[in-house]
Structures are given as C-alpha cells and as structure tokens.
$ cat entry_8.cif   # mmCIF, C-alpha atoms
data_start
loop_
_atom_site.label_atom_id
_atom_site.label_comp_id
_atom_site.auth_asym_id
_atom_site.auth_seq_id
_atom_site.Cartn_x
_atom_site.Cartn_y
_atom_site.Cartn_z
CA MET A 1 11.46 48.67 11.59
CA SER A 2 13.79 51.39 12.85
CA ARG A 3 16.96 53.07 11.63
CA ILE A 4 20.13 51.36 12.89
CA LEU A 5 22.67 53.75 11.32
CA VAL A 6 22.71 57.53 10.81
CA ASP A 7 25.22 59.93 9.27
CA ASP A 8 26.44 61.72 12.41
CA VAL A 9 30.11 62.76 12.31
CA THR A 10 29.94 64.06 15.89
CA LYS A 11 28.79 60.61 17.14
CA THR A 12 26.33 62.21 19.52
CA ASP A 13 23.56 59.94 18.24
CA GLN A 14 23.97 56.41 19.64
CA ARG A 15 22.63 55.03 16.39
CA ALA A 16 25.74 56.33 14.62
CA LEU A 17 28.10 54.13 16.65
CA LEU A 18 29.56 51.35 14.48
CA ASN A 19 30.62 48.34 16.52
CA VAL A 20 31.15 44.63 15.92
CA ASN A 21 27.69 43.71 17.17
CA LYS A 22 26.08 46.14 14.73
CA MET A 23 28.33 45.03 11.87
CA ALA A 24 27.35 41.43 12.53
CA THR A 25 23.71 42.25 11.89
CA ILE A 26 24.66 43.87 8.60
CA SER A 27 27.23 41.45 7.19
CA ASP A 28 26.31 38.09 8.77
CA ILE A 29 28.02 35.89 6.15
CA VAL A 30 29.24 37.41 2.92
CA ALA A 31 30.87 34.82 0.67
CA PRO A 32 32.05 34.72 -2.94
CA SER A 33 29.92 31.58 -3.41
CA ASN A 34 27.10 29.87 -1.53
CA GLU A 35 29.23 26.71 -1.67
CA TYR A 36 32.08 28.16 0.36
CA LEU A 37 32.88 24.68 1.72
CA TYR A 38 33.68 21.75 -0.58
CA ALA A 39 35.23 18.28 -0.38
CA SER A 40 38.75 18.65 -1.74
CA GLY A 41 39.72 15.07 -0.90
CA ALA A 42 38.41 11.89 0.68
CA ASN A 43 39.21 13.17 4.16
CA GLU A 44 39.48 16.91 3.72
CA LEU A 45 37.35 19.98 3.21
CA THR A 46 38.39 23.35 1.86
CA LEU A 47 36.95 26.64 3.10
CA VAL A 48 37.34 29.25 0.37
CA ASP A 49 38.95 32.61 0.99
CA ASN A 50 37.35 36.04 1.21
CA CYS A 51 34.30 35.00 3.26
CA VAL A 52 33.33 37.51 5.92
CA ILE A 53 31.72 35.74 8.88
CA ALA A 54 30.35 37.15 12.13
CA VAL A 55 30.57 35.06 15.29
CA GLY A 56 28.22 35.81 18.15
CA GLY A 57 28.33 39.57 17.82
CA ALA A 58 31.88 39.57 19.19
CA GLY A 59 34.19 39.00 16.23
CA ILE A 60 33.99 39.33 12.46
CA PHE A 61 36.53 37.35 10.48
CA LYS A 62 37.70 37.27 6.90
CA THR A 63 38.67 33.78 5.79
CA ALA A 64 41.76 32.59 3.99
CA ASN A 65 41.78 29.45 1.83
CA THR A 66 41.79 26.85 4.61
CA LEU A 67 42.13 23.06 4.58
CA LEU A 68 40.09 21.20 7.21
CA THR A 69 40.79 17.57 8.13
CA ALA A 70 40.28 15.12 10.99
CA ALA A 71 42.95 17.13 12.81
CA ASN A 72 40.22 19.74 13.31
CA LEU A 73 37.96 17.32 15.21
CA ASP A 74 37.07 18.35 18.74
CA VAL A 75 36.96 14.71 19.83
CA GLY A 76 38.79 11.77 18.25
CA SER A 77 41.32 11.57 15.43
CA ALA A 78 39.39 10.06 12.50
CA PHE A 79 36.04 10.32 10.76
CA THR A 80 33.55 7.45 11.11
CA VAL A 81 31.45 5.94 8.31
CA GLY A 82 27.76 6.77 8.60
CA CYS A 83 28.17 9.93 10.68
CA ASP A 84 27.16 13.54 10.08
CA TYR A 85 29.70 16.19 11.03
CA TYR A 86 29.32 19.94 11.61
CA VAL A 87 31.87 22.62 10.82
CA TYR A 88 32.25 25.56 13.21
CA ILE A 89 34.12 28.84 13.17
CA CYS A 90 35.16 29.77 16.70
CA ASP A 91 36.27 33.05 18.24
CA PRO A 92 38.93 32.70 20.98
CA ARG A 93 37.96 36.22 22.16
CA ILE A 94 41.56 37.40 22.13
CA ASP A 95 42.04 40.52 20.05
CA SER A 96 45.31 39.34 18.56
CA ALA A 97 44.08 35.80 17.82
CA ASP A 98 42.60 34.61 14.54
CA GLU A 99 39.53 32.41 14.21
CA GLN A 100 39.70 28.66 14.78
CA TYR A 101 37.87 25.94 12.86
CA VAL A 102 36.44 22.90 14.59
CA ILE A 103 34.67 19.82 13.18
CA SER A 104 32.28 18.09 15.56
CA LEU A 105 29.59 15.44 15.82
CA ASN A 106 27.76 17.87 18.10
CA SER A 107 25.02 19.78 16.30
CA THR A 108 24.86 22.70 18.75
CA TYR A 109 28.47 23.72 19.41
CA PRO A 110 31.79 21.86 19.60
CA SER A 111 33.40 20.51 22.73
CA GLY A 112 35.31 23.21 24.58
CA TRP A 113 33.26 26.04 23.06
CA ASN A 114 29.80 27.47 23.58
CA ALA A 115 26.96 29.08 21.68
CA SER A 116 28.34 32.61 22.09
CA ASN A 117 31.87 32.00 20.81
CA SER A 118 31.20 29.50 18.02
CA ARG A 119 29.07 29.45 14.91
CA LYS A 120 28.00 26.52 12.73
CA ILE A 121 28.83 27.29 9.09
CA GLY A 122 28.21 23.94 7.41
CA GLY A 123 28.61 20.21 7.58
CA PHE A 124 28.96 16.94 5.69
CA HIS A 125 28.28 13.19 5.81
CA TYR A 126 31.12 10.70 5.98
CA GLY A 127 30.17 7.53 4.15
CA ARG A 128 30.57 5.52 0.96
CA CYS A 129 31.79 7.20 -2.21
CA ARG A 130 31.73 5.76 -5.72
CA LYS A 131 34.59 6.69 -8.03
CA VAL A 132 33.26 8.91 -10.82
CA ASP A 133 34.73 11.18 -13.46
CA GLY A 134 34.09 14.90 -13.76
CA ASN A 135 30.74 14.20 -15.39
CA LEU A 136 29.55 11.88 -12.60
CA GLN A 137 30.08 8.77 -14.75
CA PRO A 138 31.13 5.71 -12.73
CA VAL A 139 34.63 4.53 -13.62
CA ASN A 140 36.84 1.58 -12.76
CA SER A 141 40.25 1.77 -11.14
CA SER A 142 41.78 2.64 -14.53
CA GLY A 143 39.34 5.49 -15.11
CA VAL A 144 37.31 3.70 -17.79
CA ILE A 145 33.60 4.59 -17.71
CA PHE A 146 31.72 1.44 -16.65
CA GLY A 147 34.95 -0.45 -17.24
CA THR A 148 35.61 -3.93 -15.87
CA GLY A 149 35.24 -3.98 -12.09
CA TRP A 150 33.65 -0.53 -11.83
CA GLU A 151 31.01 -1.83 -9.40
CA SER A 152 33.52 -2.35 -6.59
CA VAL A 153 35.47 0.93 -6.88
CA VAL A 154 33.96 2.34 -3.71
CA SER A 155 35.80 3.89 -0.78
CA ASN A 156 35.09 5.63 2.52
CA GLY A 157 35.24 9.40 2.56
CA ILE A 158 33.47 12.70 2.80
CA VAL A 159 30.51 12.29 0.45
CA PRO A 160 31.17 15.25 -1.90
CA ARG A 161 27.52 16.11 -2.57
CA SER A 162 26.62 15.92 1.11
CA VAL A 163 28.66 19.03 1.93
CA TRP A 164 26.33 21.87 2.87
CA THR A 165 26.67 25.46 3.99
CA LEU A 166 24.31 28.09 5.34
CA GLY A 167 23.78 29.23 1.75
CA HIS A 168 23.72 25.81 0.06
CA ARG A 169 21.50 23.34 1.88
CA PRO A 170 18.01 21.81 1.87
CA LYS A 171 15.06 23.56 3.50
CA CYS A 172 14.83 20.66 5.96
CA ASN A 173 17.59 19.48 8.29
CA PRO A 174 20.58 18.60 6.06
CA GLU A 175 21.77 15.49 7.89
CA GLY A 176 22.09 12.36 5.75
CA MET A 177 21.31 14.09 2.44
CA VAL A 178 23.09 14.69 -0.87
CA TYR A 179 22.54 17.35 -3.50
CA MET A 180 21.13 15.77 -6.65
CA GLY A 181 21.17 19.01 -8.64
CA GLY A 182 18.44 21.25 -10.01
CA GLY A 183 17.61 22.52 -6.53
CA THR A 184 16.81 19.07 -5.07
CA TRP A 185 18.34 17.19 -2.14
CA ILE A 186 17.84 13.44 -1.60
CA ASP A 187 18.23 11.23 1.47
CA ILE A 188 21.37 9.10 1.37
CA TYR A 189 19.68 6.19 3.16
CA LEU A 190 16.31 4.49 3.03
CA ASN A 191 14.26 6.05 5.80
CA SER A 192 13.94 4.65 9.30
CA ASP A 193 11.90 5.75 12.32
CA ASP A 194 13.15 8.93 14.00
CA GLY A 195 11.19 8.22 17.20
CA ALA A 196 9.12 11.39 16.85
CA LYS A 197 6.58 10.33 14.19
CA GLY A 198 8.92 11.51 11.46
CA LEU A 199 11.60 9.78 9.41
CA LYS A 200 15.40 9.93 9.29
CA SER A 201 18.13 9.04 6.84
CA GLU A 202 20.57 7.02 8.88
CA TYR A 203 23.25 4.38 8.38
CA ASN A 204 22.91 0.83 9.80
CA CYS A 205 19.16 1.01 10.47
CA ALA A 206 16.25 -1.20 9.42
CA PRO A 207 14.28 0.80 6.83
CA MET A 208 10.63 1.33 7.77
CA THR A 209 8.16 -0.66 5.66
CA GLY A 210 4.79 -2.32 6.01
CA THR A 211 6.45 -4.43 8.71
CA GLU A 212 5.92 -1.38 10.92
CA GLY A 213 2.41 -0.88 9.52
CA MET A 214 3.43 1.75 6.96
CA ASN A 215 1.66 2.38 3.67
CA TRP A 216 2.16 5.07 1.00
CA TYR A 217 -0.03 7.57 2.87
CA ASN A 218 1.94 7.13 6.09
CA PHE A 219 5.24 7.81 4.36
CA VAL A 220 3.80 10.96 2.81
CA GLU A 221 2.56 12.13 6.23
CA ARG A 222 5.80 11.32 8.07
CA LEU A 223 7.99 12.88 5.41
CA ALA A 224 5.94 16.08 5.59
CA LYS A 225 6.62 16.21 9.34
CA SER A 226 10.33 15.97 8.54
CA GLY A 227 10.06 18.74 5.94
CA LYS A 228 10.45 16.35 3.02
CA ARG A 229 8.43 14.65 0.29
CA LEU A 230 8.51 11.49 -1.80
CA PRO A 231 10.62 11.74 -4.97
CA ASN A 232 9.19 11.02 -8.41
CA TYR A 233 10.37 8.41 -10.89
CA ALA A 234 12.53 10.86 -12.86
CA GLU A 235 14.29 11.87 -9.65
CA PHE A 236 14.78 8.22 -8.70
CA VAL A 237 16.43 7.48 -12.04
CA ALA A 238 18.75 10.45 -11.49
CA TYR A 239 19.82 9.67 -7.92
CA ALA A 240 20.04 5.90 -8.49
CA PHE A 241 22.29 6.31 -11.54
CA GLY A 242 25.59 4.52 -11.04
CA SER A 243 24.17 1.94 -8.61
CA PRO A 244 25.12 -1.59 -9.74
CA ALA A 245 22.29 -3.97 -10.63
CA GLY A 246 21.35 -6.83 -8.32
CA LEU A 247 22.61 -10.41 -8.56
CA ASP A 248 20.63 -13.61 -8.11
CA GLY A 249 23.28 -15.52 -6.21
CA ALA A 250 25.11 -12.87 -4.16
CA ASN A 251 24.75 -9.61 -2.26
CA THR A 252 28.01 -8.24 -3.65
CA ASN A 253 26.54 -5.21 -5.41
CA ALA A 254 23.12 -4.85 -3.79
CA TRP A 255 21.02 -6.55 -1.10
CA SER A 256 19.29 -8.65 -3.75
CA ALA A 257 20.21 -12.37 -3.58
CA THR A 258 17.18 -14.57 -4.21
CA THR A 259 17.96 -16.46 -1.01
CA ASN A 260 17.53 -13.36 1.18
CA THR A 261 14.60 -13.50 3.58
CA GLY A 262 14.46 -9.92 4.85
CA ARG A 263 15.47 -6.29 4.41
CA GLY A 264 18.58 -6.16 6.63
CA THR A 265 20.04 -2.76 7.55
CA THR A 266 20.96 0.29 5.49
CA GLY A 267 24.47 0.46 4.12
CA SER A 268 25.42 -3.18 4.77
CA VAL A 269 26.46 -3.66 1.11
CA VAL A 270 29.55 -1.56 0.35
CA ASN A 271 29.04 -1.50 -3.43
CA ALA A 272 25.38 -0.43 -3.20
CA VAL A 273 26.03 3.27 -3.72
CA SER A 274 25.11 5.55 -6.62
CA ALA A 275 27.18 8.13 -8.46
CA ILE A 276 25.99 10.95 -6.19
CA GLY A 277 26.18 8.90 -2.97
CA CYS A 278 22.70 7.44 -2.43
CA VAL A 279 22.86 4.06 -0.69
CA ASP A 280 20.60 1.05 -1.39
CA ALA A 281 18.78 2.72 -4.28
CA VAL A 282 18.88 -0.78 -5.80
CA GLY A 283 17.60 -3.77 -3.80
CA ARG A 284 16.78 -4.06 -0.08
CA VAL A 285 13.23 -2.64 -0.33
CA TRP A 286 11.17 -1.00 -3.06
CA GLU A 287 10.91 2.77 -2.70
CA TRP A 288 7.50 4.46 -2.84
CA LEU A 289 7.34 7.32 -5.35
CA ASP A 290 4.93 10.24 -5.42
CA GLU A 291 3.25 9.22 -8.69
CA LEU A 292 -0.13 7.46 -8.86
CA ILE A 293 -1.45 5.55 -11.87
CA THR A 294 -4.50 3.51 -12.86
CA ARG A 295 -3.69 -0.18 -12.98
CA ALA A 296 -3.70 -1.75 -16.45
CA GLU A 297 -5.50 -4.84 -15.18
CA HIS A 298 -8.31 -4.21 -12.77
CA ALA A 299 -9.20 -6.51 -9.92
CA LYS A 300 -12.82 -7.68 -9.78
CA ASN A 301 -13.93 -8.11 -6.21
CA THR A 302 -17.64 -7.62 -5.52
CA THR A 303 -17.05 -7.87 -1.78
CA TYR A 304 -15.41 -4.43 -1.92
CA HIS A 305 -16.83 -2.96 -5.14
CA ALA A 306 -20.34 -3.93 -6.20
CA SER A 307 -19.85 -3.94 -9.99
CA GLU A 308 -17.68 -2.70 -12.80
CA ALA A 309 -19.02 0.84 -12.71
CA TRP A 310 -18.19 4.17 -11.13
CA GLY A 311 -19.10 4.21 -7.48
CA TRP A 312 -17.92 4.18 -3.90
CA ASP A 313 -16.23 1.04 -2.60
CA LEU A 314 -18.58 -0.93 -0.33
CA THR A 315 -15.92 -0.85 2.38
CA THR A 316 -13.25 1.82 2.32
CA PRO A 317 -9.75 0.42 1.66
CA LEU A 318 -8.12 3.66 2.84
CA LYS A 319 -8.26 2.99 6.57
CA THR A 320 -4.99 1.06 6.72
CA GLY A 321 -1.49 1.69 7.96
CA GLU A 322 -0.08 2.83 11.27
CA LYS A 323 -2.87 5.32 12.10
CA SER A 324 -6.42 4.01 12.48
CA TYR A 325 -8.90 6.83 12.01
CA ASP A 326 -11.59 7.67 9.49
CA VAL A 327 -10.09 8.95 6.24
CA GLY A 328 -13.01 8.60 3.82
CA ASN A 329 -13.61 6.27 0.89
CA ILE A 330 -12.52 6.01 -2.74
CA TYR A 331 -14.78 6.52 -5.76
CA GLN A 332 -13.53 4.32 -8.58
CA TYR A 333 -14.62 2.09 -11.48
CA TYR A 334 -13.06 -1.17 -10.33
CA TYR A 335 -11.77 -2.48 -7.02
CA ALA A 336 -8.15 -1.38 -6.42
CA SER A 337 -7.86 0.64 -9.64
CA LEU A 338 -5.40 3.09 -8.09
CA ALA A 339 -1.71 2.18 -7.81
CA ALA A 340 1.37 4.04 -6.57
CA LEU A 341 4.69 3.58 -8.33
CA LEU A 342 7.68 1.99 -6.63
CA ALA A 343 11.28 1.79 -7.80
CA GLY A 344 14.61 0.05 -7.26
CA GLY A 345 13.78 -3.52 -6.31
CA ASN A 346 13.44 -5.82 -3.35
CA TRP A 347 15.76 -7.87 -1.13
CA ALA A 348 15.21 -11.10 -3.12
CA ASP A 349 14.53 -9.90 -6.67
CA GLY A 350 18.06 -10.64 -7.88
CA VAL A 351 18.93 -9.43 -11.38
CA GLN A 352 15.55 -7.71 -11.70
CA ASP A 353 16.75 -5.05 -9.26
CA GLY A 354 18.34 -2.00 -10.86
CA ALA A 355 18.67 1.76 -11.16
CA ARG A 356 15.61 2.00 -13.43
CA ALA A 357 13.57 -0.89 -12.00
CA GLY A 358 9.91 -0.10 -11.45
CA ARG A 359 6.82 -1.69 -9.93
CA CYS A 360 3.32 -0.63 -11.02
CA TYR A 361 1.25 -3.08 -8.98
CA ASP A 362 0.77 -1.87 -5.39
CA TYR A 363 -2.17 0.30 -4.37
CA PRO A 364 -1.23 3.17 -2.03
CA TRP A 365 -3.10 1.71 0.95
CA SER A 366 -1.08 -1.51 0.65
CA VAL A 367 0.80 -2.29 3.88
CA ALA A 368 3.67 -4.16 2.26
CA ALA A 369 6.80 -5.44 4.00
CA HIS A 370 8.74 -4.94 0.78
CA ALA A 371 7.98 -1.20 0.41
CA GLY A 372 9.88 1.66 2.05
CA ALA A 373 10.87 5.20 1.11
CA ARG A 374 13.50 7.93 1.08
CA GLY A 375 12.85 11.64 1.24
CA ALA A 376 13.50 14.53 -1.10
CA CYS A 377 13.61 18.25 -0.35
CA ASP A 378 14.04 21.51 -2.24
CA SER A 379 17.06 23.74 -1.67
CA LEU A 380 16.74 26.64 0.73
#

$ encode --input "entry_8.cif" --output "structure tokens"
Amino acid sequence: MSRILVDDVTKTDQRALLNVNKMATISDIVAPSNEYLYASGANELTLVDNCVIAVGGAGIFKTANTLLTAANLDVGSAFTVGCDYYVYICDPRIDSADEQYVISLNSTYPSGWNASNSRKIGGFHYGRCRKVDGNLQPVNSSGVIFGTGWESVVSNGIVPRSVWTLGHRPKCNPEGMVYMGGGTWIDIYLNSDDGAKGLKSEYNCAPMTGTEGMNWYNFVERLAKSGKRLPNYAEFVAYAFGSPAGLDGANTNAWSATTNTGRGTTGSVVNAVSAIGCVDAVGRVWEWLDELITRAEHAKNTTYHASEAWGWDLTTPLKTGEKSYDVGNIYQYYYASLAALLAGGNWADGVQDGARAGRCYDYPWSVAAHAGARGACDSL
C-alpha cells in the first residue's frame, strides 16, 4: 500500500495532483442506494439521481433521475422475452457532453462503444411477470387477491426482481436470476446445460435431468461450478408462491397434464410463473432440494445390503450419474435409507403439482428423468 494523496499546496509532489483518473479510484460508484436501478414499468427502468459514477478513468458523472426504455437499445427497437440485458453508462469523451445510457444484449460493452468509454452498471431479465399487489400477493385483473382468473394475469415485461446493480446482485453471474429477499437470489428457469460442465438459467431450453445422466450429486457439483447451490424446501415454498397449481386435463397453468409424455422446454406455459418471477416452479420436472432425510419405509434388498443392520452396502450405490469414478460407499441400516427431497411436481402429475408439492421418495444417487434443479445464490 502507498499514499495516493498528500497535502501539498505547492503541488510539487506528484502525489498531490488530483485528476479524474485518481478521483475514479476514490469514488468509483457512490449512490444513495445499492438499488439505484429499478423497474418503473413493464418496459422501462429508472436510474435514480445523485449517483456519482466513474467511467474508465476519463469522466466522472453525477446522475439525474433518468428513464431508460427500449429507445436506449444499441441494436433493435424492442425487448425480447427470455433475454438478459445490460445497462451501460457511456462517456462520449467531449468535455461539454453529458453521459449517455445504453441498453445492450452484449455483456462486455454496447455496440458503438468500447471498454474504455463505457461501464456496465446493471442489468435485468425481460420475461414473464405475474400481476401482484404491493405485498407480492397475486391478483386478478380487478386487483382482487387470488380473485377469479388470477392465474392468467401474466404479461411480458422487465421482471422487477431481476433488476440488478453493482451493489445489489448475487455473488455469481446475475443472468436469469431474481431476488427472493433475505439476501438470496434464485434462478428464474429450471437449469439446463451451459456447455462448460456448469448449469444455466435460460428460457426455451430442455431442463437437465436424469435423461442426461444427472443425479442429486451431479447437480450439486455443477451448481458449485456456477457459483450456486441447491435451494431448501423453505426457499422453494417462498419462490414458488403465486404459481398456479397443475391441471389433469390441460397445460394452461403449468406443464402438468396427465397426458404429457416428457418435460418440454422452459417457459412454454405462459401462466407458469410465480409472484417473484420464477418460471415452471410447478410441473415440468421435480426440483432437487438440498435437504436429505431417512425414508419412512425402508427397502429390503439383500443383494445390496446383507441384512437389516448397520453396515456398508455390499455394492456401492453412489457410483451413478454423469461422472463414473470411485466415490466411496454408504454405511446405513437398510438398503436405500437415504432420500433427497424434491419439490414442485412432474410433467404428468396433474392436480398433484403445486407450489408446496413435495416428494420424499428418491435417493440422491437416483438418475431420474423426472428430476431437475434450479440454483440459488447469496447476495454479494
């Protein structure tokens, strides 16, 4: 560490010189609130006033209350459902010119600008939004909490709880996530393969399940690579709240009809969105949770476990899933005593699917086509 400023009225010490580059290292972003960006409408953001933001060591700007819309896009004229957008402050490098704000699909810098004259200050997801009151209670078109027809009062827009800033965001990459509250962010979509041995929260994708050889352990491992974890049952109940229950004879409110034969793709059911913006929390595939229990009824299988007594399984059940390597054995009283909780429901469970639905049957090494996951992450 070294001194970057000194009290030298004669300015003979170079460390006493106060310039924009030095001020940028001191101020960076000073804002009246960490949430200096918020969704002020279905298709608009508001940047609050009195933020002081440095851009590339060249300009430091003080913000005014500013409305940002699709008119600020660098490319195109409208937002697209299922996409993550980034908000930039840009410095035209003209002394008399104020800052410019650009919204872009590009995660590095917007079209027409570069890394030295632009700075990413936040972002949001454009997707499905359920109508709720000020207390996050789902309402119908007349504003009645859980009133007639509330299930279908869903529209496209900036997902309010997906808006993030440099001071209000998850520790992991913020794309495809919403803020649940209490310092926890949740993936909007059931997780699919990111192509790099991790997972992603993305619209219109087939959620990963045992169909791809995944078990509970694999989801835990992949989520860790993505900087996330499995949620617990209490968190599921919170983020699934406001999701309509499944139906036996239709996929109107969730991917749940008893005639369905597969998982489909994330976001295909418009009404399947929760109060905070999580999609497919009900139906489609069960979601693995991070809680393990001992099964109430224990399987008796002497091929794998010699007798009803504490001991090692005769053949380890743990070596399953997408990675085949030695991972040890399990010491238990019965065969398959250990189970991992799942929540939400399956693609063909009909009215059994719901925002508090649970499944206490599957052991964590089960490679089940009906079981997927979504990630959770703590706030930065």

$ resolve_selection --input "entry_8.cif" --expression "the PyMOL selection byres ((chain A and resi 92) around 12)" --output "PyMOL selection string"
chain A and resi 55-56+58-61+89-91+93-102+112-114+116-118

$ closest_residue --input "entry_8.cif" --among "A:Thr266, A:Gln137, A:Ser104, A:Thr80" --to "Gly157 in chain A" --atoms "all atoms listed in the file"
A:Thr80

$ residues_around --input "entry_8.cif" --residues "Lys131 in chain A" --least-positions-apart "3" --cutoff "8 Å" --atoms "all atoms listed in the file" --output "mmCIF file with C-alpha atoms, in the coordinates of the input"
data_model
loop_
_atom_site.group_PDB
_atom_site.id
_atom_site.type_symbol
_atom_site.label_atom_id
_atom_site.label_comp_id
_atom_site.auth_asym_id
_atom_site.auth_seq_id
_atom_site.Cartn_x
_atom_site.Cartn_y
_atom_site.Cartn_z
ATOM 1 C CA PRO A 138 31.130 5.710 -12.730
ATOM 2 C CA VAL A 139 34.630 4.530 -13.620
ATOM 3 C CA ASN A 140 36.840 1.580 -12.760
ATOM 4 C CA VAL A 153 35.470 0.930 -6.880
ATOM 5 C CA VAL A 154 33.960 2.340 -3.710
ATOM 6 C CA SER A 155 35.800 3.890 -0.780
ATOM 7 C CA ALA A 275 27.180 8.130 -8.460
#

$ atom_distance --input "entry_8.cif" --atom1 "CA of Asp193 in chain A" --atom2 "CA of Thr320 in chain A"
18.4 Å

$ closest_residue --input "entry_8.cif" --among "A:Ser162, A:Thr108, A:Thr69, A:Thr211" --to "Val367 in chain A" --atoms "all atoms listed in the file"
A:Thr211

$ closest_residue --input "entry_8.cif" --among "A:Glu235, A:Glu322, A:Asp313, A:Asp49" --to "Arg356 in chain A" --atoms "all atoms listed in the file"
A:Glu235

$ decode --input "entry_8.cif" --residues "range 164-175 of chain A" --atoms "N, CA, C and O atoms" --output "PDB file, in the first residue's frame"
ATOM      1  N   TRP A 164     -30.673  -5.836 -11.395  1.00  0.00           N
ATOM      2  CA  TRP A 164     -29.501  -5.869 -10.523  1.00  0.00           C
ATOM      3  C   TRP A 164     -28.596  -4.680 -10.813  1.00  0.00           C
ATOM      4  O   TRP A 164     -28.667  -4.066 -11.885  1.00  0.00           O
ATOM      5  N   THR A 165     -27.775  -4.353  -9.835  1.00  0.00           N
ATOM      6  CA  THR A 165     -26.780  -3.298  -9.981  1.00  0.00           C
ATOM      7  C   THR A 165     -25.448  -3.818  -9.449  1.00  0.00           C
ATOM      8  O   THR A 165     -25.374  -4.944  -8.945  1.00  0.00           O
ATOM      9  N   LEU A 166     -24.434  -3.003  -9.519  1.00  0.00           N
ATOM     10  CA  LEU A 166     -23.131  -3.422  -8.999  1.00  0.00           C
ATOM     11  C   LEU A 166     -23.146  -3.542  -7.473  1.00  0.00           C
ATOM     12  O   LEU A 166     -22.285  -4.203  -6.887  1.00  0.00           O
ATOM     13  N   GLY A 167     -24.148  -2.943  -6.834  1.00  0.00           N
ATOM     14  CA  GLY A 167     -24.257  -3.033  -5.385  1.00  0.00           C
ATOM     15  C   GLY A 167     -25.373  -3.940  -4.905  1.00  0.00           C
ATOM     16  O   GLY A 167     -25.487  -4.216  -3.714  1.00  0.00           O
ATOM     17  N   HIS A 168     -26.208  -4.394  -5.823  1.00  0.00           N
ATOM     18  CA  HIS A 168     -27.343  -5.267  -5.490  1.00  0.00           C
ATOM     19  C   HIS A 168     -27.412  -6.374  -6.538  1.00  0.00           C
ATOM     20  O   HIS A 168     -27.989  -6.202  -7.606  1.00  0.00           O
ATOM     21  N   ARG A 169     -26.767  -7.491  -6.222  1.00  0.00           N
ATOM     22  CA  ARG A 169     -26.664  -8.588  -7.189  1.00  0.00           C
ATOM     23  C   ARG A 169     -26.211  -9.853  -6.466  1.00  0.00           C
ATOM     24  O   ARG A 169     -25.721  -9.794  -5.326  1.00  0.00           O
ATOM     25  N   PRO A 170     -26.348 -11.007  -7.109  1.00  0.00           N
ATOM     26  CA  PRO A 170     -25.822 -12.233  -6.498  1.00  0.00           C
ATOM     27  C   PRO A 170     -24.304 -12.311  -6.621  1.00  0.00           C
ATOM     28  O   PRO A 170     -23.693 -11.611  -7.441  1.00  0.00           O
ATOM     29  N   LYS A 171     -23.687 -13.166  -5.815  1.00  0.00           N
ATOM     30  CA  LYS A 171     -22.242 -13.376  -5.904  1.00  0.00           C
ATOM     31  C   LYS A 171     -21.856 -14.020  -7.224  1.00  0.00           C
ATOM     32  O   LYS A 171     -20.748 -13.822  -7.719  1.00  0.00           O
ATOM     33  N   CYS A 172     -22.757 -14.828  -7.785  1.00  0.00           N
ATOM     34  CA  CYS A 172     -22.497 -15.467  -9.080  1.00  0.00           C
ATOM     35  C   CYS A 172     -22.916 -14.518 -10.199  1.00  0.00           C
ATOM     36  O   CYS A 172     -23.349 -13.387  -9.948  1.00  0.00           O
ATOM     37  N   ASN A 173     -22.787 -14.958 -11.443  1.00  0.00           N
ATOM     38  CA  ASN A 173     -23.289 -14.162 -12.555  1.00  0.00           C
ATOM     39  C   ASN A 173     -24.791 -13.947 -12.389  1.00  0.00           C
ATOM     40  O   ASN A 173     -25.522 -14.879 -12.063  1.00  0.00           O
ATOM     41  N   PRO A 174     -25.292 -12.731 -12.617  1.00  0.00           N
ATOM     42  CA  PRO A 174     -26.686 -12.415 -12.307  1.00  0.00           C
ATOM     43  C   PRO A 174     -27.699 -12.783 -13.377  1.00  0.00           C
ATOM     44  O   PRO A 174     -28.911 -12.650 -13.158  1.00  0.00           O
ATOM     45  N   GLU A 175     -27.243 -13.270 -14.522  1.00  0.00           N
ATOM     46  CA  GLU A 175     -28.163 -13.544 -15.618  1.00  0.00           C
ATOM     47  C   GLU A 175     -29.217 -14.589 -15.225  1.00  0.00           C
ATOM     48  O   GLU A 175     -28.919 -15.606 -14.608  1.00  0.00           O
TER      49      GLU A 175
END
